[in-house]
>>> print(open('start.txt').read())   # compact mmCIF, N, CA and C atoms
# COMPACT_ATOMS: atom_id res chain seq x y z
N GLU A 283 94.93 106.39 93.35
CA GLU A 283 95.84 105.42 92.77
C GLU A 283 95.37 104.01 93.14
N VAL A 284 95.23 103.19 92.14
CA VAL A 284 94.81 101.81 92.36
C VAL A 284 96.00 100.99 92.84
N GLN A 285 95.79 100.27 93.91
CA GLN A 285 96.83 99.38 94.40
C GLN A 285 96.22 98.02 94.70
N LEU A 286 96.98 97.00 94.41
CA LEU A 286 96.58 95.63 94.71
C LEU A 286 97.67 95.00 95.56
N GLN A 287 97.24 94.39 96.65
CA GLN A 287 98.21 93.74 97.52
C GLN A 287 97.82 92.28 97.69
N ALA A 288 98.69 91.42 97.23
CA ALA A 288 98.48 89.98 97.36
C ALA A 288 99.28 89.46 98.54
N TYR A 289 98.65 88.60 99.32
CA TYR A 289 99.37 88.01 100.43
C TYR A 289 98.76 86.66 100.77
N GLY A 290 99.46 85.92 101.60
CA GLY A 290 98.97 84.60 102.01
C GLY A 290 99.81 83.45 101.51
N GLY A 291 100.83 83.73 100.71
CA GLY A 291 101.67 82.66 100.22
C GLY A 291 102.51 82.06 101.33
N GLY A 292 103.17 80.98 101.00
CA GLY A 292 104.03 80.33 101.98
C GLY A 292 104.44 78.95 101.51
N LEU A 293 104.97 78.20 102.45
CA LEU A 293 105.45 76.84 102.19
C LEU A 293 104.43 75.85 102.75
N VAL A 294 104.04 74.91 101.92
CA VAL A 294 103.05 73.91 102.35
C VAL A 294 103.42 72.58 101.73
N GLN A 295 103.06 71.51 102.40
CA GLN A 295 103.32 70.19 101.86
C GLN A 295 102.26 69.83 100.82
N ALA A 296 102.64 68.96 99.93
CA ALA A 296 101.69 68.48 98.93
C ALA A 296 100.45 67.92 99.62
N GLY A 297 99.30 68.26 99.06
CA GLY A 297 98.04 67.86 99.65
C GLY A 297 97.46 68.88 100.61
N GLY A 298 98.26 69.87 100.96
CA GLY A 298 97.82 70.88 101.89
C GLY A 298 97.04 72.00 101.23
N SER A 299 96.73 73.01 102.03
CA SER A 299 95.91 74.13 101.56
C SER A 299 96.53 75.46 101.93
N LEU A 300 96.21 76.45 101.14
CA LEU A 300 96.56 77.84 101.43
C LEU A 300 95.43 78.72 100.94
N ARG A 301 95.29 79.87 101.55
CA ARG A 301 94.34 80.86 101.04
C ARG A 301 95.08 82.16 100.76
N LEU A 302 95.02 82.56 99.53
CA LEU A 302 95.59 83.83 99.13
C LEU A 302 94.53 84.92 99.18
N SER A 303 94.98 86.12 99.48
CA SER A 303 94.09 87.28 99.49
C SER A 303 94.65 88.36 98.59
N CYS A 304 93.76 89.09 97.96
CA CYS A 304 94.14 90.24 97.14
C CYS A 304 93.29 91.42 97.60
N ALA A 305 93.92 92.38 98.24
CA ALA A 305 93.21 93.55 98.73
C ALA A 305 93.41 94.70 97.76
N ALA A 306 92.31 95.26 97.29
CA ALA A 306 92.36 96.36 96.33
C ALA A 306 92.02 97.67 97.01
N SER A 307 92.75 98.70 96.65
CA SER A 307 92.45 100.03 97.16
C SER A 307 92.49 101.02 96.02
N GLY A 308 91.83 102.15 96.22
CA GLY A 308 91.78 103.16 95.18
C GLY A 308 90.81 102.82 94.07
N PHE A 309 89.95 101.85 94.33
CA PHE A 309 88.99 101.41 93.32
C PHE A 309 87.76 102.29 93.34
N THR A 310 87.37 102.76 92.15
CA THR A 310 86.10 103.48 92.03
C THR A 310 85.29 102.92 90.87
N PHE A 311 85.58 101.72 90.47
CA PHE A 311 84.94 101.12 89.31
C PHE A 311 83.69 100.36 89.72
N ASP A 312 82.65 100.47 88.91
CA ASP A 312 81.41 99.77 89.21
C ASP A 312 81.45 98.32 88.76
N ASP A 313 82.15 98.07 87.71
CA ASP A 313 82.18 96.73 87.14
C ASP A 313 83.63 96.41 86.84
N TYR A 314 84.16 95.45 87.54
CA TYR A 314 85.57 95.14 87.37
C TYR A 314 85.78 93.65 87.57
N ALA A 315 86.95 93.21 87.30
CA ALA A 315 87.30 91.81 87.50
C ALA A 315 88.64 91.72 88.19
N ILE A 316 88.78 90.74 89.03
CA ILE A 316 90.04 90.45 89.69
C ILE A 316 90.47 89.06 89.27
N GLY A 317 91.69 88.96 88.82
CA GLY A 317 92.21 87.68 88.40
C GLY A 317 93.45 87.29 89.17
N TRP A 318 93.68 86.00 89.22
CA TRP A 318 94.91 85.45 89.79
C TRP A 318 95.71 84.80 88.66
N PHE A 319 96.98 85.11 88.64
CA PHE A 319 97.89 84.52 87.69
C PHE A 319 99.07 83.95 88.47
N ARG A 320 99.80 83.06 87.85
CA ARG A 320 100.99 82.54 88.49
C ARG A 320 102.09 82.36 87.47
N GLN A 321 103.31 82.41 87.98
CA GLN A 321 104.46 82.22 87.11
C GLN A 321 105.51 81.44 87.86
N ALA A 322 105.84 80.29 87.31
CA ALA A 322 106.88 79.44 87.88
C ALA A 322 108.19 79.76 87.15
N PRO A 323 109.32 79.48 87.76
CA PRO A 323 110.61 79.75 87.12
C PRO A 323 110.71 79.07 85.76
N GLY A 324 111.07 79.85 84.77
CA GLY A 324 111.25 79.32 83.44
C GLY A 324 109.98 79.05 82.66
N LYS A 325 108.85 79.45 83.23
CA LYS A 325 107.57 79.21 82.56
C LYS A 325 106.86 80.54 82.31
N GLU A 326 105.91 80.49 81.39
CA GLU A 326 105.11 81.67 81.09
C GLU A 326 104.07 81.90 82.19
N ARG A 327 103.61 83.15 82.27
CA ARG A 327 102.55 83.48 83.22
C ARG A 327 101.27 82.75 82.82
N GLU A 328 100.61 82.18 83.79
CA GLU A 328 99.44 81.34 83.55
C GLU A 328 98.23 81.90 84.28
N GLY A 329 97.11 81.97 83.61
CA GLY A 329 95.88 82.41 84.25
C GLY A 329 95.35 81.30 85.15
N VAL A 330 95.11 81.63 86.41
CA VAL A 330 94.66 80.65 87.39
C VAL A 330 93.16 80.76 87.62
N SER A 331 92.70 81.97 87.92
CA SER A 331 91.29 82.14 88.23
C SER A 331 90.92 83.60 88.11
N CYS A 332 89.63 83.85 88.01
CA CYS A 332 89.14 85.22 87.87
C CYS A 332 87.71 85.29 88.37
N ILE A 333 87.34 86.45 88.88
CA ILE A 333 85.95 86.66 89.29
C ILE A 333 85.51 88.05 88.85
N SER A 334 84.28 88.11 88.36
CA SER A 334 83.71 89.37 87.93
C SER A 334 82.93 89.98 89.09
N SER A 335 83.11 91.27 89.31
CA SER A 335 82.46 91.91 90.46
C SER A 335 80.96 92.06 90.28
N SER A 336 80.51 92.25 89.05
CA SER A 336 79.11 92.59 88.83
C SER A 336 78.17 91.39 88.93
N ASP A 337 78.63 90.24 88.46
CA ASP A 337 77.72 89.09 88.42
C ASP A 337 78.33 87.81 88.97
N GLY A 338 79.54 87.91 89.49
CA GLY A 338 80.15 86.75 90.13
C GLY A 338 80.62 85.66 89.19
N ARG A 339 80.64 85.95 87.89
CA ARG A 339 81.15 84.93 86.96
C ARG A 339 82.59 84.61 87.33
N THR A 340 82.91 83.32 87.21
CA THR A 340 84.26 82.89 87.56
C THR A 340 84.91 82.12 86.42
N TYR A 341 86.22 82.07 86.52
CA TYR A 341 87.03 81.33 85.56
C TYR A 341 88.08 80.55 86.35
N TYR A 342 88.36 79.34 85.90
CA TYR A 342 89.45 78.55 86.46
C TYR A 342 90.26 77.94 85.34
N GLY A 343 91.56 77.98 85.49
CA GLY A 343 92.41 77.28 84.55
C GLY A 343 92.24 75.78 84.70
N ASP A 344 92.49 75.08 83.64
CA ASP A 344 92.28 73.63 83.64
C ASP A 344 93.08 72.94 84.74
N SER A 345 94.27 73.44 85.02
CA SER A 345 95.14 72.76 85.97
C SER A 345 94.69 72.92 87.42
N VAL A 346 93.75 73.82 87.68
CA VAL A 346 93.33 74.06 89.06
C VAL A 346 91.85 73.78 89.30
N LYS A 347 91.13 73.45 88.25
CA LYS A 347 89.70 73.19 88.40
C LYS A 347 89.46 72.06 89.41
N GLY A 348 88.49 72.30 90.28
CA GLY A 348 88.15 71.31 91.30
C GLY A 348 89.01 71.38 92.54
N ARG A 349 90.09 72.17 92.50
CA ARG A 349 90.97 72.28 93.66
C ARG A 349 91.00 73.70 94.22
N PHE A 350 90.89 74.68 93.36
CA PHE A 350 90.94 76.08 93.78
C PHE A 350 89.55 76.69 93.70
N THR A 351 89.28 77.61 94.62
CA THR A 351 88.01 78.33 94.62
C THR A 351 88.26 79.81 94.83
N ILE A 352 87.69 80.62 93.96
CA ILE A 352 87.83 82.06 94.08
C ILE A 352 86.55 82.63 94.67
N SER A 353 86.69 83.64 95.51
CA SER A 353 85.54 84.30 96.10
C SER A 353 85.90 85.75 96.35
N SER A 354 84.88 86.54 96.61
CA SER A 354 85.16 87.97 96.80
C SER A 354 84.28 88.55 97.88
N ASP A 355 84.79 89.56 98.51
CA ASP A 355 84.03 90.39 99.44
C ASP A 355 84.07 91.79 98.85
N ASN A 356 83.00 92.13 98.11
CA ASN A 356 83.02 93.40 97.39
C ASN A 356 83.09 94.60 98.32
N ALA A 357 82.48 94.48 99.49
CA ALA A 357 82.52 95.60 100.44
C ALA A 357 83.94 95.88 100.90
N LYS A 358 84.71 94.83 101.05
CA LYS A 358 86.11 94.99 101.46
C LYS A 358 87.04 95.10 100.27
N LYS A 359 86.48 94.92 99.05
CA LYS A 359 87.30 94.91 97.83
C LYS A 359 88.48 93.96 98.01
N THR A 360 88.16 92.78 98.46
CA THR A 360 89.17 91.75 98.64
C THR A 360 88.70 90.47 97.95
N VAL A 361 89.61 89.86 97.25
CA VAL A 361 89.34 88.60 96.57
C VAL A 361 90.22 87.52 97.18
N TYR A 362 89.64 86.36 97.36
CA TYR A 362 90.34 85.25 97.98
C TYR A 362 90.51 84.11 96.98
N LEU A 363 91.59 83.40 97.12
CA LEU A 363 91.81 82.19 96.33
C LEU A 363 92.13 81.07 97.30
N GLN A 364 91.15 80.20 97.51
CA GLN A 364 91.34 79.05 98.36
C GLN A 364 91.95 77.94 97.53
N MET A 365 93.10 77.48 97.93
CA MET A 365 93.83 76.47 97.17
C MET A 365 93.92 75.20 98.00
N ASN A 366 93.27 74.16 97.55
CA ASN A 366 93.29 72.88 98.24
C ASN A 366 94.00 71.83 97.40
N SER A 367 94.33 70.74 98.03
CA SER A 367 95.00 69.62 97.35
C SER A 367 96.19 70.12 96.53
N LEU A 368 97.00 70.91 97.14
CA LEU A 368 98.12 71.52 96.43
C LEU A 368 99.12 70.48 95.98
N LYS A 369 99.70 70.76 94.83
CA LYS A 369 100.68 69.87 94.22
C LYS A 369 102.00 70.61 94.05
N PRO A 370 103.10 69.91 93.97
CA PRO A 370 104.39 70.60 93.73
C PRO A 370 104.35 71.47 92.48
N GLU A 371 103.61 71.07 91.48
CA GLU A 371 103.53 71.86 90.25
C GLU A 371 102.74 73.16 90.42
N ASP A 372 102.12 73.36 91.58
CA ASP A 372 101.47 74.63 91.87
C ASP A 372 102.46 75.67 92.38
N THR A 373 103.68 75.25 92.61
CA THR A 373 104.71 76.18 93.09
C THR A 373 104.94 77.28 92.07
N ALA A 374 104.81 78.52 92.52
CA ALA A 374 104.94 79.67 91.63
C ALA A 374 104.78 80.94 92.44
N VAL A 375 105.10 82.05 91.81
CA VAL A 375 104.72 83.35 92.34
C VAL A 375 103.31 83.64 91.84
N TYR A 376 102.42 83.94 92.74
CA TYR A 376 101.03 84.23 92.39
C TYR A 376 100.79 85.73 92.42
N TYR A 377 100.18 86.23 91.37
CA TYR A 377 99.88 87.65 91.23
C TYR A 377 98.38 87.86 91.13
N CYS A 378 97.90 88.95 91.70
CA CYS A 378 96.53 89.33 91.42
C CYS A 378 96.55 90.55 90.51
N ALA A 379 95.52 90.64 89.71
CA ALA A 379 95.41 91.70 88.72
C ALA A 379 93.97 92.16 88.63
N ALA A 380 93.78 93.39 88.21
CA ALA A 380 92.44 93.95 88.11
C ALA A 380 92.19 94.53 86.72
N ARG A 381 91.00 94.28 86.25
CA ARG A 381 90.55 94.91 85.00
C ARG A 381 89.47 95.90 85.39
N ALA A 382 89.64 97.14 84.96
CA ALA A 382 88.79 98.23 85.44
C ALA A 382 87.50 98.40 84.67
N ARG A 383 87.04 97.34 84.06
CA ARG A 383 85.76 97.37 83.35
C ARG A 383 85.30 95.93 83.17
N ARG A 384 84.12 95.78 82.63
CA ARG A 384 83.54 94.45 82.48
C ARG A 384 84.48 93.56 81.67
N ILE A 385 84.51 92.30 82.07
CA ILE A 385 85.39 91.36 81.38
C ILE A 385 84.55 90.29 80.72
N ILE A 386 84.93 89.93 79.51
CA ILE A 386 84.24 88.85 78.83
C ILE A 386 84.94 87.53 79.14
N ALA A 387 84.22 86.46 78.93
CA ALA A 387 84.71 85.15 79.34
C ALA A 387 86.08 84.82 78.74
N SER A 388 86.25 85.15 77.49
CA SER A 388 87.49 84.77 76.82
C SER A 388 88.71 85.56 77.31
N TYR A 389 88.47 86.63 78.04
CA TYR A 389 89.58 87.43 78.56
C TYR A 389 90.00 87.02 79.95
N MET A 390 89.18 86.25 80.64
CA MET A 390 89.37 86.07 82.07
C MET A 390 90.70 85.45 82.43
N GLY A 391 91.20 84.55 81.62
CA GLY A 391 92.45 83.87 81.94
C GLY A 391 93.65 84.40 81.17
N VAL A 392 93.48 85.56 80.56
CA VAL A 392 94.53 86.14 79.73
C VAL A 392 95.08 87.39 80.40
N ALA A 393 96.39 87.53 80.43
CA ALA A 393 97.01 88.62 81.19
C ALA A 393 96.81 90.00 80.58
N ASN A 394 96.86 90.11 79.26
CA ASN A 394 96.87 91.42 78.61
C ASN A 394 95.68 92.32 78.94
N PRO A 395 94.45 91.79 79.06
CA PRO A 395 93.30 92.68 79.33
C PRO A 395 93.28 93.32 80.72
N TYR A 396 94.16 92.92 81.60
CA TYR A 396 94.14 93.46 82.95
C TYR A 396 94.93 94.76 83.00
N ASP A 397 94.40 95.70 83.79
CA ASP A 397 94.98 97.04 83.82
C ASP A 397 95.97 97.26 84.96
N TYR A 398 95.76 96.58 86.05
CA TYR A 398 96.57 96.81 87.24
C TYR A 398 97.08 95.48 87.79
N TRP A 399 98.29 95.52 88.30
CA TRP A 399 98.90 94.31 88.84
C TRP A 399 99.47 94.59 90.22
N GLY A 400 99.33 93.60 91.09
CA GLY A 400 99.95 93.69 92.39
C GLY A 400 101.29 92.98 92.39
N GLN A 401 101.97 93.08 93.51
CA GLN A 401 103.20 92.33 93.66
C GLN A 401 102.85 90.88 93.88
N GLY A 402 103.74 90.00 93.66
CA GLY A 402 103.44 88.58 93.79
C GLY A 402 103.62 88.08 95.21
N THR A 403 103.04 86.93 95.44
CA THR A 403 103.26 86.22 96.69
C THR A 403 103.67 84.79 96.34
N LEU A 404 104.73 84.33 96.97
CA LEU A 404 105.31 83.04 96.60
C LEU A 404 104.60 81.89 97.30
N VAL A 405 104.22 80.92 96.51
CA VAL A 405 103.66 79.68 97.02
C VAL A 405 104.62 78.56 96.67
N THR A 406 105.05 77.83 97.69
CA THR A 406 105.96 76.72 97.49
C THR A 406 105.31 75.46 98.05
N VAL A 407 105.17 74.46 97.20
CA VAL A 407 104.56 73.21 97.62
C VAL A 407 105.63 72.13 97.58
N SER A 408 105.92 71.57 98.72
CA SER A 408 106.96 70.55 98.80
C SER A 408 106.35 69.16 98.63
N SER A 409 107.14 68.28 98.05
CA SER A 409 106.65 66.91 97.80
C SER A 409 106.93 66.00 98.98
>>> encode(input="start.txt", output="structure tokens")
Amino acid sequence: EVQLQAYGGGLVQAGGSLRLSCAASGFTFDDYAIGWFRQAPGKEREGVSCISSSDGRTYYGDSVKGRFTISSDNAKKTVYLQMNSLKPEDTAVYYCAARARRIIASYMGVANPYDYWGQGTLVTVSS
């Protein structure tokens, strides 16, 4: 059974940093992608970032480019999202998701192509 566990959220002041982790278990896929999405109250789910396991291709949403960095430790099947220069508008529940096969660029920031979802972790950025 594939499971994804996201953790690392919390309360931080604007301008601060947090690192989220997504630990995957039950994975037997050779080529997969892990994505981060977020959803703020009253807003649609937004693609934040994604990384491909096979070639390290990455994706960042426009609102986080230059501030967030995604990385992975394939041996540990853990993906990290380093979030710097946080803004109040980054406040949301952050989810990690996995696609159990190769992902094309146009799918990376879109929720539907992902097969598995973890529980969310809340990030609150105070002004």
>>> closest_atom_pairs(input="start.txt", of="range 309-359 of chain A", to="range 377-386 of chain A", cutoff="5 Å", atoms="only N, CA and C atoms", output="tab-separated table")
residue	atom	partner	partner_atom	distance
A:Asp313	C	A:Arg383	C	4.1
A:Tyr314	CA	A:Arg383	N	4.2
A:Ala315	C	A:Arg381	N	4.0
A:Ile316	CA	A:Ala379	C	4.4
A:Gly317	N	A:Ala379	C	3.9
A:Trp318	CA	A:Tyr377	C	4.4
A:Phe319	C	A:Tyr377	N	3.9
A:Arg320	CA	A:Tyr377	N	4.8
>>> select_by_dssp(input="start.txt", residues="chain A", states="helix (DSSP H, G or I)", output="NGL selection string")
:A and (370-372 or 387-389)
>>> residues_around(input="start.txt", residues="Asn356 in chain A", least_positions_apart="3", cutoff="12 Å", atoms="only C-alpha atoms", output="PyMOL selection string")
chain A and resi 304-307+309-316+333-338+353+359-362
>>> closest_residue(input="start.txt", among="A:Gly298, A:Gly292, A:Gly329, A:Pro323", to="Pro395 in chain A", atoms="only C-alpha atoms")
A:Gly329
>>> residues_around(input="start.txt", residues="Lys369 in chain A", least_positions_apart="5", cutoff="9 Å", atoms="only C-alpha atoms", output="ChimeraX atom specification")
/A:295-298,407-409
>>> select_by_dssp(input="start.txt", residues="chain A", states="strand (DSSP E)", output="ChimeraX atom specification")
/A:285-289,292-295,300-307,315-321,328-334,340-342,350-355,360-365,374-381,398-399,403-408
>>> atom_distance(input="start.txt", atom1="atom C of Arg301 in chain A", atom2="CA of Leu368 in chain A")
11.9 Å
>>> residues_near_point(input="start.txt", point="(98.4, 99.9, 89.6)", cutoff="6 Å", atoms="only C-alpha atoms", output="JSON, numbers by chain")
{"A": [284, 285, 398, 399]}
>>> axis_aligned_box(input="start.txt", around="range 324-336 of chain A", padding_each_side="5 Å", output="AutoDock Vina command-line options")
--center_x 94.7 --center_y 85.8 --center_z 85.8 --size_x 43.1 --size_y 23.5 --size_z 19.4
>>> atom_distance(input="start.txt", atom1="CA of Gly348 in chain A", atom2="CA of Gln287 in chain A")
25.4 Å
>>> closest_residue(input="start.txt", among="A:Ser388, A:Thr403, A:Tyr289, A:Leu300", to="Ser367 in chain A", atoms="only C-alpha atoms")
A:Leu300
>>> atom_distance(input="start.txt", atom1="atom N of Pro370 in chain A", atom2="atom C of Asp397 in chain A")
29.7 Å
>>> closest_residue(input="start.txt", among="A:Tyr376, A:Tyr341, A:Tyr389, A:Phe350", to="Leu404 in chain A", atoms="only N, CA and C atoms")
A:Tyr376
>>> residues_around(input="start.txt", residues="Ala322 in chain A", least_positions_apart="4", cutoff="6.5 Å", atoms="all atoms listed in the file", output="PyMOL selection string")
chain A and resi 326-327+373-375
>>> residues_around(input="start.txt", residues="Leu363 in chain A", least_positions_apart="5", cutoff="6 Å", atoms="only C-alpha atoms", output="MDAnalysis selection string")
chainID A and resid 301:302 351:352
>>> closest_residue(input="start.txt", among="A:Gly324, A:Ser331, A:Tyr342, A:Ser299", to="Met365 in chain A", atoms="all atoms listed in the file")
A:Ser299
